[in-house]
Structures are given as structure tokens and as C-alpha cells.
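Novice: This is input.pdb (PDB, C-alpha atoms).
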ATOM      1  CA  MET T   1      32.864  28.995  32.196  1.00  0.00           C
ATOM      2  CA  ALA T   2      29.792  26.980  31.188  1.00  0.00           C
ATOM      3  CA  LYS T   3      27.915  25.025  33.805  1.00  0.00           C
ATOM      4  CA  PRO T   4      27.914  21.256  33.106  1.00  0.00           C
ATOM      5  CA  GLN T   5      24.582  19.780  32.066  1.00  0.00           C
ATOM      6  CA  GLU T   6      22.801  17.449  34.433  1.00  0.00           C
ATOM      7  CA  PHE T   7      22.113  13.954  33.187  1.00  0.00           C
ATOM      8  CA  LYS T   8      18.512  13.282  32.309  1.00  0.00           C
ATOM      9  CA  GLN T   9      16.840   9.964  32.904  1.00  0.00           C
ATOM     10  CA  ARG T  10      16.563   7.862  29.747  1.00  0.00           C
ATOM     11  CA  ASN T  11      13.188   7.582  28.071  1.00  0.00           C
ATOM     12  CA  GLN T  12      11.720  10.232  30.318  1.00  0.00           C
ATOM     13  CA  GLY T  13       8.404  11.276  28.821  1.00  0.00           C
ATOM     14  CA  ARG T  14       8.497   8.553  26.166  1.00  0.00           C
ATOM     15  CA  THR T  15       6.086   5.694  25.860  1.00  0.00           C
ATOM     16  CA  SER T  16       7.144   2.077  25.651  1.00  0.00           C
ATOM     17  CA  GLY T  17       6.648  -0.113  22.596  1.00  0.00           C
ATOM     18  CA  THR T  18       3.691  -1.953  24.105  1.00  0.00           C
ATOM     19  CA  GLU T  19       1.986   1.346  24.952  1.00  0.00           C
ATOM     20  CA  LEU T  20       2.510   2.547  21.373  1.00  0.00           C
ATOM     21  CA  ILE T  21       1.015  -0.667  19.979  1.00  0.00           C
ATOM     22  CA  ALA T  22      -1.972  -0.343  22.313  1.00  0.00           C
ATOM     23  CA  LYS T  23      -2.489   3.277  21.220  1.00  0.00           C
ATOM     24  CA  GLN T  24      -2.248   2.266  17.573  1.00  0.00           C
ATOM     25  CA  GLN T  25      -4.835  -0.485  18.023  1.00  0.00           C
ATOM     26  CA  GLU T  26      -7.163   1.868  19.892  1.00  0.00           C
ATOM     27  CA  PHE T  27      -6.781   4.451  17.122  1.00  0.00           C
ATOM     28  CA  SER T  28      -7.467   1.942  14.339  1.00  0.00           C
ATOM     29  CA  GLU T  29     -10.547   0.548  16.118  1.00  0.00           C
ATOM     30  CA  GLN T  30     -12.173   3.980  15.864  1.00  0.00           C
ATOM     31  CA  PHE T  31     -12.441   3.567  12.113  1.00  0.00           C
ATOM     32  CA  SER T  32     -15.013   1.303  10.603  1.00  0.00           C
ATOM     33  CA  LYS T  33     -14.721  -1.053   7.688  1.00  0.00           C
ATOM     34  CA  ASP T  34     -18.284  -0.426   6.547  1.00  0.00           C
ATOM     35  CA  ASN T  35     -17.675   1.703   3.469  1.00  0.00           C
ATOM     36  CA  ILE T  36     -14.585  -0.104   2.270  1.00  0.00           C
ATOM     37  CA  GLU T  37     -16.489  -2.645   0.152  1.00  0.00           C
ATOM     38  CA  ASN T  38     -17.987  -0.054  -2.199  1.00  0.00           C
ATOM     39  CA  SER T  39     -15.788   0.978  -5.095  1.00  0.00           C
ATOM     40  CA  PRO T  40     -16.153   4.513  -6.444  1.00  0.00           C
ATOM     41  CA  THR T  41     -18.983   4.987  -8.920  1.00  0.00           C
ATOM     42  CA  TYR T  42     -16.758   6.763 -11.435  1.00  0.00           C
ATOM     43  CA  PHE T  43     -14.459   3.718 -11.835  1.00  0.00           C
ATOM     44  CA  ASN T  44     -14.579   1.742 -15.068  1.00  0.00           C
ATOM     45  CA  GLU T  45     -15.204  -2.010 -14.880  1.00  0.00           C
ATOM     46  CA  THR T  46     -11.497  -2.885 -14.839  1.00  0.00           C
ATOM     47  CA  ALA T  47     -10.754  -0.550 -11.923  1.00  0.00           C
ATOM     48  CA  LYS T  48     -13.785  -1.895 -10.022  1.00  0.00           C
ATOM     49  CA  LYS T  49     -12.507  -5.443 -10.531  1.00  0.00           C
ATOM     50  CA  TYR T  50      -9.091  -4.510  -9.155  1.00  0.00           C
ATOM     51  CA  TYR T  51     -10.642  -2.576  -6.273  1.00  0.00           C
ATOM     52  CA  SER T  52     -12.620  -5.596  -5.066  1.00  0.00           C
ATOM     53  CA  PHE T  53      -9.576  -7.835  -5.520  1.00  0.00           C
ATOM     54  CA  ILE T  54      -7.389  -5.533  -3.381  1.00  0.00           C
ATOM     55  CA  VAL T  55     -10.032  -5.260  -0.649  1.00  0.00           C
ATOM     56  CA  LYS T  56     -10.338  -9.061  -0.596  1.00  0.00           C
ATOM     57  CA  GLU T  57      -6.558  -9.476  -0.272  1.00  0.00           C
ATOM     58  CA  LEU T  58      -6.321  -6.903   2.512  1.00  0.00           C
ATOM     59  CA  LYS T  59      -9.120  -8.624   4.397  1.00  0.00           C
ATOM     60  CA  LYS T  60      -7.165 -11.893   4.220  1.00  0.00           C
ATOM     61  CA  ILE T  61      -4.339 -10.345   6.212  1.00  0.00           C
ATOM     62  CA  ASP T  62      -6.768  -8.273   8.320  1.00  0.00           C
ATOM     63  CA  LEU T  63      -5.110  -4.938   7.557  1.00  0.00           C
ATOM     64  CA  ILE T  64      -7.893  -2.753   6.302  1.00  0.00           C
ATOM     65  CA  SER T  65      -9.891   0.254   7.455  1.00  0.00           C
ATOM     66  CA  ASP T  66     -11.696   3.199   5.914  1.00  0.00           C
ATOM     67  CA  LEU T  67      -8.462   5.186   6.176  1.00  0.00           C
ATOM     68  CA  ASP T  68      -6.993   2.934   3.485  1.00  0.00           C
ATOM     69  CA  LYS T  69      -9.733   3.689   0.969  1.00  0.00           C
ATOM     70  CA  PRO T  70      -7.896   6.476  -0.927  1.00  0.00           C
ATOM     71  CA  LEU T  71      -4.789   4.290  -1.262  1.00  0.00           C
ATOM     72  CA  ILE T  72      -6.874   1.334  -2.421  1.00  0.00           C
ATOM     73  CA  GLU T  73      -8.684   3.516  -4.959  1.00  0.00           C
ATOM     74  CA  ASN T  74      -5.405   4.825  -6.355  1.00  0.00           C
ATOM     75  CA  LEU T  75      -3.871   1.359  -6.524  1.00  0.00           C
ATOM     76  CA  ALA T  76      -6.905  -0.061  -8.338  1.00  0.00           C
ATOM     77  CA  PHE T  77      -6.841   2.871 -10.743  1.00  0.00           C
ATOM     78  CA  TYR T  78      -3.139   2.365 -11.489  1.00  0.00           C
ATOM     79  CA  TYR T  79      -3.683  -1.351 -12.049  1.00  0.00           C
ATOM     80  CA  SER T  80      -6.417  -0.542 -14.585  1.00  0.00           C
ATOM     81  CA  LEU T  81      -4.093   1.931 -16.329  1.00  0.00           C
ATOM     82  CA  ILE T  82      -1.363  -0.713 -16.451  1.00  0.00           C
ATOM     83  CA  GLU T  83      -3.799  -3.154 -18.050  1.00  0.00           C
ATOM     84  CA  ASP T  84      -4.806  -0.495 -20.604  1.00  0.00           C
ATOM     85  CA  CYS T  85      -1.154   0.133 -21.484  1.00  0.00           C
ATOM     86  CA  HIS T  86      -0.531  -3.601 -21.929  1.00  0.00           C
ATOM     87  CA  ARG T  87      -3.572  -3.888 -24.157  1.00  0.00           C
ATOM     88  CA  LYS T  88      -2.510  -0.892 -26.251  1.00  0.00           C
ATOM     89  CA  ILE T  89       1.051  -2.202 -26.694  1.00  0.00           C
ATOM     90  CA  SER T  90      -0.236  -5.685 -27.563  1.00  0.00           C
ATOM     91  CA  ASN T  91      -2.571  -4.305 -30.232  1.00  0.00           C
ATOM     92  CA  GLU T  92      -0.238  -1.737 -31.775  1.00  0.00           C
ATOM     93  CA  GLY T  93       3.181  -3.251 -31.116  1.00  0.00           C
ATOM     94  CA  GLN T  94       6.111  -2.088 -29.041  1.00  0.00           C
ATOM     95  CA  PHE T  95       7.331   0.237 -31.797  1.00  0.00           C
ATOM     96  CA  VAL T  96       5.290   2.725 -33.823  1.00  0.00           C
ATOM     97  CA  ASP T  97       6.051   4.871 -36.846  1.00  0.00           C
ATOM     98  CA  GLY T  98       7.449   8.237 -35.925  1.00  0.00           C
ATOM     99  CA  LEU T  99       8.569  11.272 -37.862  1.00  0.00           C
ATOM    100  CA  HIS T 100      12.054   9.836 -38.410  1.00  0.00           C
ATOM    101  CA  GLY T 101      11.299   6.114 -38.459  1.00  0.00           C
ATOM    102  CA  LEU T 102      10.335   3.650 -35.768  1.00  0.00           C
ATOM    103  CA  LYS T 103      10.165   4.796 -32.180  1.00  0.00           C
ATOM    104  CA  GLU T 104       9.138   3.237 -28.892  1.00  0.00           C
ATOM    105  CA  HIS T 105       5.408   3.185 -28.259  1.00  0.00           C
ATOM    106  CA  PRO T 106       4.406   6.050 -25.908  1.00  0.00           C
ATOM    107  CA  ALA T 107       2.395   3.598 -23.796  1.00  0.00           C
ATOM    108  CA  THR T 108       5.681   1.930 -22.775  1.00  0.00           C
ATOM    109  CA  ALA T 109       6.802   5.012 -20.855  1.00  0.00           C
ATOM    110  CA  LEU T 110       3.359   5.277 -19.266  1.00  0.00           C
ATOM    111  CA  LEU T 111       3.480   1.598 -18.347  1.00  0.00           C
ATOM    112  CA  ASN T 112       6.790   2.083 -16.517  1.00  0.00           C
ATOM    113  CA  LYS T 113       5.487   5.165 -14.711  1.00  0.00           C
ATOM    114  CA  HIS T 114       2.214   3.523 -13.632  1.00  0.00           C
ATOM    115  CA  THR T 115       3.990   0.340 -12.548  1.00  0.00           C
ATOM    116  CA  SER T 116       6.364   2.213 -10.244  1.00  0.00           C
ATOM    117  CA  LYS T 117       3.473   4.177  -8.701  1.00  0.00           C
ATOM    118  CA  ALA T 118       1.467   0.981  -8.204  1.00  0.00           C
ATOM    119  CA  ASN T 119       4.453  -0.690  -6.524  1.00  0.00           C
ATOM    120  CA  GLU T 120       4.794   2.224  -4.102  1.00  0.00           C
ATOM    121  CA  LEU T 121       1.114   2.015  -3.173  1.00  0.00           C
ATOM    122  CA  ALA T 122       1.279  -1.767  -2.813  1.00  0.00           C
ATOM    123  CA  LYS T 123       4.165  -1.375  -0.359  1.00  0.00           C
ATOM    124  CA  LEU T 124       2.150   1.112   1.686  1.00  0.00           C
ATOM    125  CA  LEU T 125      -0.747  -1.344   1.848  1.00  0.00           C
ATOM    126  CA  CYS T 126       1.518  -4.345   2.699  1.00  0.00           C
ATOM    127  CA  LEU T 127       0.563  -6.098  -0.519  1.00  0.00           C
ATOM    128  CA  THR T 128       4.030  -6.832  -1.833  1.00  0.00           C
ATOM    129  CA  ALA T 129       5.231 -10.416  -2.029  1.00  0.00           C
ATOM    130  CA  ASP T 130       8.102  -9.650   0.350  1.00  0.00           C
ATOM    131  CA  THR T 131       5.812  -8.278   3.061  1.00  0.00           C
ATOM    132  CA  ARG T 132       3.360 -11.164   2.743  1.00  0.00           C
ATOM    133  CA  THR T 133       6.220 -13.671   3.021  1.00  0.00           C
ATOM    134  CA  LYS T 134       7.525 -11.982   6.176  1.00  0.00           C
ATOM    135  CA  LEU T 135       4.049 -11.931   7.723  1.00  0.00           C
ATOM    136  CA  GLN T 136       3.461 -15.577   6.864  1.00  0.00           C
ATOM    137  CA  SER T 137       6.798 -16.732   8.283  1.00  0.00           C
ATOM    138  CA  ILE T 138       6.193 -14.800  11.506  1.00  0.00           C
ATOM    139  CA  SER T 139       2.699 -16.204  11.953  1.00  0.00           C
ATOM    140  CA  GLU T 140       3.906 -19.745  11.223  1.00  0.00           C
ATOM    141  CA  SER T 141       6.682 -19.468  13.794  1.00  0.00           C
ATOM    142  CA  ASN T 142       4.071 -18.488  16.434  1.00  0.00           C
ATOM    143  CA  GLU T 143       5.962 -15.390  17.507  1.00  0.00           C
ATOM    144  CA  GLY T 144       2.673 -13.629  18.075  1.00  0.00           C
ATOM    145  CA  ASP T 145       0.515 -10.835  16.802  1.00  0.00           C
ATOM    146  CA  GLN T 146       2.478  -8.265  18.787  1.00  0.00           C
ATOM    147  CA  LEU T 147       5.574  -8.774  16.640  1.00  0.00           C
ATOM    148  CA  ILE T 148       3.483  -8.432  13.474  1.00  0.00           C
ATOM    149  CA  SER T 149       2.020  -5.194  14.834  1.00  0.00           C
ATOM    150  CA  GLN T 150       5.512  -3.930  15.567  1.00  0.00           C
ATOM    151  CA  ILE T 151       6.698  -4.706  12.050  1.00  0.00           C
ATOM    152  CA  LEU T 152       3.687  -3.123  10.408  1.00  0.00           C
ATOM    153  CA  GLY T 153       3.719  -0.142  12.740  1.00  0.00           C
ATOM    154  CA  GLY T 154       7.449   0.416  12.346  1.00  0.00           C
ATOM    155  CA  TYR T 155       8.181   0.179  16.086  1.00  0.00           C
TER     156      TYR T 155
END
Please lay out the structure from this file as C-alpha cells.
Specialist:
Amino acid sequence: MAKPQEFKQRNQGRTSGTELIAKQQEFSEQFSKDNIENSPTYFNETAKKYYSFIVKELKKIDLISDLDKPLIENLAFYYSLIEDCHRKISNEGQFVDGLHGLKEHPATALLNKHTSKANELAKLLCLTADTRTKLQSISESNEGDQLISQILGGY
């Protein structure tokens, strides 16, 4: 016959929420924000414009570090691709001549693909309208920075 298990104390070996937030802040302070201003040299002018816009928006909500740079670069690049697709569709029309008559412009499929990727990256960087609204309502209700850190950190 099997021996009954002994009860273990709850949360043994786990850290509390405040300790996790403190560790997260300590970790994020190790990374500078020095190189974040400089957009990649290989970007075209449109991507550079979006890059500086995203950095400016992230600085407004004080959620930026050098770790975010690859995400910011990708988001700026996708925004420039979206603008290119819009421009192409505006110039050539939504439908183009195909082998068997009119067909949807190929840039439309690319536009949908790039838009979904950009939305995913914007969510990761807390740049969606929903996230900004939540952050604003929390800060206006004076519930504190700790609650904002918990929401953003997922704790």
C-alpha cells in the first residue's frame, strides 16, 4: 500500500509579487537607453520616421530600454511596408488585370499580412490603444505605479 504524501507548505520556495516586481525593476535598470535613439542606418526615410515616432511614444509612457530595440526596428519596418502597400494600391487600384480578368491587387494580401504582424509587435511594446487606455485610467485613479508594473509584467 502506498504511503500518503505529506502536505507541503504553500508557496515554499516561491517569491512574492513585490519581490518579483523589485527583481524586474533591478533587471531593467541594468540596461541603458543610450542607443535607443539611433535608428538603423539601412532604414529608408519612411522607416526612420516611424522608428523615431515609436521611440517618442514609448518614452511618453516610460517603457523603453535597449532590449526593445529589435522590436521597435521591426515595428517601424512593418509600418513602412504598410505605407508602401497603401501607396501602391492607391496608385494602381484595388484590382489589377490578371490572366483571366480582374483580380485583387497582390499588395492587398501583403497589407493584411504586414498589418497583423505590426499589431502583434505593437501589443508587445504596449502601444495599442487598449493598453494605453488601461494605463491612463490606472494612473488617473492613483492606484500607483506598482499596479501598472504588475499589469505590464503579467504578475
Novice: With distances taken over all atoms listed in the file, which residue among T:Thr108, T:Gln24, T:Thr128, T:Thr46 lies nearest Val96 (chain T)?
Specialist: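 Using all atoms listed in the file, the shortest distance to Val96 (chain T) belongs to T:Thr108.
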Novice: Using only C-alpha atoms, determine which residues lie at most 9 Å from Ile54 (chain T), disregarding the query and same-chain residues fewer than 6 positions distant; provide the list as JSON, numbers by chain.
Specialist: {"T": [72, 75, 76, 127]}
Novice: State, in Å with one decimal place, the distance from CA of Asp66 (chain T) to CA of Thr18 (chain T).
Specialist: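 Answer for the CA of Asp66 (chain T) to CA of Thr18 (chain T) separation: 24.4 Å.
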Novice: Closest to Leu67 (chain T) among T:Asn35, T:Asn44, T:Asn112, T:Asn91, using all atoms listed in the file?
Specialist: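 The shortest atom-to-atom distance to Leu67 (chain T) comes from T:Asn35.
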Novice: Using all atoms listed in the file for the distances, tell me which of T:Leu124, T:Leu110, T:Asp62, T:Lys49 is nearest to Ile82 (chain T).
Specialist: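 The shortest atom-to-atom distance to Ile82 (chain T) comes from T:Leu110.
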Novice: Calculated over all atoms listed in the file, which of the candidates T:Gly98, T:Ala107, T:Ile36, T:Thr115 has the smallest distance to Ile64 (chain T)?
Specialist: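 Using all atoms listed in the file, the shortest distance to Ile64 (chain T) belongs to T:Ile36.
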Novice: Which residue, T:Ser116, T:Asn38, T:His105, T:Lys59, has the smallest gap to Lys88 (chain T) when you use all atoms listed in the file?
Specialist: T:His105
Novice: Can you pull out every residue within 10 Å of Asn74 (chain T), counting all atoms listed in the file, but drop anything in the same chain fewer than 2 positions away, and send it as a ChimeraX atom specification?
Specialist: /T:47,51,69-72,76-80,117-118,121
Novice: Report as JSON the centre and the edge lengths, in Å to one decimal, of the axis-aligned box holding every listed atom of region 52-69 of chain T, padded by 6 Å on each side.
Specialist:
{"center_x": -8.5, "center_y": -3.4, "center_z": 1.4, "size_x": 20.3, "size_y": 29.1, "size_z": 25.8}
Novice: Can you work out the spacing between CA of Lys134 (chain T) and CA of Lys113 (chain T) in Å, to one decimal?
Specialist: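 CA of Lys113 (chain T) lies at a distance of 27.1 Å from CA of Lys134 (chain T).
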